[in-house]
Amino acid sequence: MKHDLARVAPNRVVDRQQAPIWLQQARLELIAAKKLAEATGAYRALYAAAVWHCEQVVEMSIKSAMLRTCGVSEDEVGGGAAHDLIDHIKRIKMAEANTMEQRRSQQVPLEYEDVDWLKRAYLASRYPKPGRWGVPALLYDDKDAARALKLAELFVGWAERVEDLPDP
């Protein structure tokens with residue numbers, strides 16, 4: 001199978017075959033987050049886990065859009081920069097846009113405070129940390145899960161619109 005790869009800048013790759021795969025994984029993570037945010041039967045809701053999965057939804061949605069527009073570097077997929085939501089959003093917003101469709105893709109549903117909160121929750125919802133008392137899984141509540149789910153749904157919707165763009 002031939003990959004539709006294009007180098008857009010040194011060490012950055014656009015891959016239109018991988019973009020929908022990342023978006024589909026984001027959709028599946030969103031289903032998991034919704035399930036974790038609701039109590040069912042004898043099981044209580046796991047809000048911290050829902051928040052973490054929402055961070056993954058946003059991250060995968062952004063990477064799907066990057067694979068479609070400005071490209072990704074190896075480090076942004078699996079290295080030290082892989083989870084930096086704010087840096088990924090900045091890259092998309094600052095990429096050179098030559099068409100109306102590319103400019104439309106730069107309309108990222110970004111509220112800095114929300115995305116920064118979600119970025120920090122990536123670790124805080126899972127790992128105990130000195131100075132932050134309590135079990136991470138118990139530090140999040142239904143309001144946190146609702147906030148994270150709203151962000152996740154916004155980003156999936158945005159990434160779906162990016163995916164519908166014609167090829168450059």
# chains A, B, ... in the order shown; residues from 1 in each chain; ligands from 1
$ residues_around --residues "Ala152 in chain A" --least-positions-apart "5" --cutoff "6 Å" --atoms "only C-alpha atoms" --output "MDAnalysis selection string"
chainID A and resid 54 57:58
$ residues_around --residues "range 112-120 of chain A" --least-positions-apart "2" --cutoff "6 Å" --atoms "only C-alpha atoms" --output "MDAnalysis selection string"
chainID A and resid 55 110 122
$ select_by_dssp --residues "range 41-162 of chain A" --states "alpha helix (DSSP H)" --output "ChimeraX atom specification"
/A:47-68,74-78,85-94,100-105,112-124,142-162
$ write_last_selection --atoms "C-alpha atoms" --output "PDB file, in the first residue's frame"
ATOM      1  CA  TYR A  47     -14.007  11.313  36.507  1.00  0.00           C
ATOM      2  CA  ALA A  48     -10.205  11.519  36.503  1.00  0.00           C
ATOM      3  CA  ALA A  49     -10.006   8.736  33.918  1.00  0.00           C
ATOM      4  CA  ALA A  50     -12.654  10.502  31.823  1.00  0.00           C
ATOM      5  CA  VAL A  51     -10.633  13.728  31.950  1.00  0.00           C
ATOM      6  CA  TRP A  52      -7.472  11.878  30.880  1.00  0.00           C
ATOM      7  CA  HIS A  53      -9.250  10.244  27.940  1.00  0.00           C
ATOM      8  CA  CYS A  54     -10.573  13.675  26.939  1.00  0.00           C
ATOM      9  CA  GLU A  55      -7.005  14.968  26.827  1.00  0.00           C
ATOM     10  CA  GLN A  56      -6.241  12.087  24.497  1.00  0.00           C
ATOM     11  CA  VAL A  57      -9.251  12.999  22.322  1.00  0.00           C
ATOM     12  CA  VAL A  58      -8.010  16.573  21.978  1.00  0.00           C
ATOM     13  CA  GLU A  59      -4.431  15.467  21.310  1.00  0.00           C
ATOM     14  CA  MET A  60      -5.446  12.939  18.655  1.00  0.00           C
ATOM     15  CA  SER A  61      -7.840  15.402  17.012  1.00  0.00           C
ATOM     16  CA  ILE A  62      -5.083  17.992  16.804  1.00  0.00           C
ATOM     17  CA  LYS A  63      -2.604  15.469  15.386  1.00  0.00           C
ATOM     18  CA  SER A  64      -5.168  14.395  12.817  1.00  0.00           C
ATOM     19  CA  ALA A  65      -5.469  18.015  11.705  1.00  0.00           C
ATOM     20  CA  MET A  66      -1.693  18.460  11.715  1.00  0.00           C
ATOM     21  CA  LEU A  67      -1.274  15.371   9.543  1.00  0.00           C
ATOM     22  CA  ARG A  68      -3.738  16.963   7.136  1.00  0.00           C
ATOM     23  CA  GLU A  74       8.591  12.414  14.750  1.00  0.00           C
ATOM     24  CA  ASP A  75       9.020  14.067  18.153  1.00  0.00           C
ATOM     25  CA  GLU A  76       5.432  15.340  18.090  1.00  0.00           C
ATOM     26  CA  VAL A  77       4.070  11.840  17.552  1.00  0.00           C
ATOM     27  CA  GLY A  78       6.159   9.805  19.974  1.00  0.00           C
ATOM     28  CA  LEU A  85      -1.387  20.559  23.177  1.00  0.00           C
ATOM     29  CA  ILE A  86      -0.641  24.263  23.246  1.00  0.00           C
ATOM     30  CA  ASP A  87       2.432  23.924  21.052  1.00  0.00           C
ATOM     31  CA  HIS A  88       0.483  21.787  18.557  1.00  0.00           C
ATOM     32  CA  ILE A  89      -2.292  24.385  18.387  1.00  0.00           C
ATOM     33  CA  LYS A  90       0.219  27.183  17.891  1.00  0.00           C
ATOM     34  CA  ARG A  91       1.817  25.236  15.023  1.00  0.00           C
ATOM     35  CA  ILE A  92      -1.533  24.889  13.249  1.00  0.00           C
ATOM     36  CA  LYS A  93      -2.496  28.519  13.821  1.00  0.00           C
ATOM     37  CA  MET A  94       0.873  29.829  12.629  1.00  0.00           C
ATOM     38  CA  MET A 100      -9.567  29.676   2.360  1.00  0.00           C
ATOM     39  CA  GLU A 101      -9.830  26.025   3.431  1.00  0.00           C
ATOM     40  CA  GLN A 102      -6.413  26.135   5.078  1.00  0.00           C
ATOM     41  CA  ARG A 103      -7.386  29.334   6.889  1.00  0.00           C
ATOM     42  CA  ARG A 104     -10.590  27.642   8.034  1.00  0.00           C
ATOM     43  CA  SER A 105      -8.518  24.836   9.555  1.00  0.00           C
ATOM     44  CA  TYR A 112      -6.166  28.965  26.437  1.00  0.00           C
ATOM     45  CA  GLU A 113      -7.233  28.359  30.053  1.00  0.00           C
ATOM     46  CA  ASP A 114      -9.236  25.256  29.160  1.00  0.00           C
ATOM     47  CA  VAL A 115      -6.566  23.721  26.964  1.00  0.00           C
ATOM     48  CA  ASP A 116      -3.861  24.501  29.540  1.00  0.00           C
ATOM     49  CA  TRP A 117      -5.987  22.861  32.241  1.00  0.00           C
ATOM     50  CA  LEU A 118      -6.471  19.780  30.072  1.00  0.00           C
ATOM     51  CA  LYS A 119      -2.759  19.665  29.251  1.00  0.00           C
ATOM     52  CA  ARG A 120      -1.881  19.694  32.963  1.00  0.00           C
ATOM     53  CA  ALA A 121      -4.542  17.056  33.669  1.00  0.00           C
ATOM     54  CA  TYR A 122      -2.710  14.655  31.367  1.00  0.00           C
ATOM     55  CA  LEU A 123      -0.380  13.806  34.275  1.00  0.00           C
ATOM     56  CA  ALA A 124      -2.253  15.236  37.266  1.00  0.00           C
ATOM     57  CA  ASP A 142     -18.424  15.615  37.534  1.00  0.00           C
ATOM     58  CA  LYS A 143     -17.826  19.293  36.688  1.00  0.00           C
ATOM     59  CA  ASP A 144     -14.260  18.506  35.614  1.00  0.00           C
ATOM     60  CA  ALA A 145     -15.474  15.622  33.460  1.00  0.00           C
ATOM     61  CA  ALA A 146     -18.176  17.818  31.879  1.00  0.00           C
ATOM     62  CA  ARG A 147     -15.598  20.535  31.119  1.00  0.00           C
ATOM     63  CA  ALA A 148     -13.217  18.011  29.562  1.00  0.00           C
ATOM     64  CA  LEU A 149     -15.989  16.332  27.540  1.00  0.00           C
ATOM     65  CA  LYS A 150     -17.086  19.696  26.142  1.00  0.00           C
ATOM     66  CA  LEU A 151     -13.523  20.408  24.985  1.00  0.00           C
ATOM     67  CA  ALA A 152     -13.145  16.924  23.522  1.00  0.00           C
ATOM     68  CA  GLU A 153     -16.385  17.217  21.542  1.00  0.00           C
ATOM     69  CA  LEU A 154     -15.386  20.662  20.236  1.00  0.00           C
ATOM     70  CA  PHE A 155     -12.035  19.368  19.029  1.00  0.00           C
ATOM     71  CA  VAL A 156     -13.454  16.260  17.347  1.00  0.00           C
ATOM     72  CA  GLY A 157     -15.989  18.424  15.509  1.00  0.00           C
ATOM     73  CA  TRP A 158     -13.256  20.820  14.427  1.00  0.00           C
ATOM     74  CA  ALA A 159     -10.980  17.956  13.264  1.00  0.00           C
ATOM     75  CA  GLU A 160     -13.869  16.464  11.277  1.00  0.00           C
ATOM     76  CA  ARG A 161     -14.242  19.781   9.428  1.00  0.00           C
ATOM     77  CA  VAL A 162     -10.475  19.819   8.760  1.00  0.00           C
TER      78      VAL A 162
END
$ atom_distance --atom1 "CA of Tyr140 in chain A" --atom2 "CA of Trp22 in chain A"
26.8 Å
$ select_by_dssp --residues "chain A" --states "strand (DSSP E or B)" --output "number ranges by chain"
A: 5-9, 12-15, 40, 43, 72, 129, 132
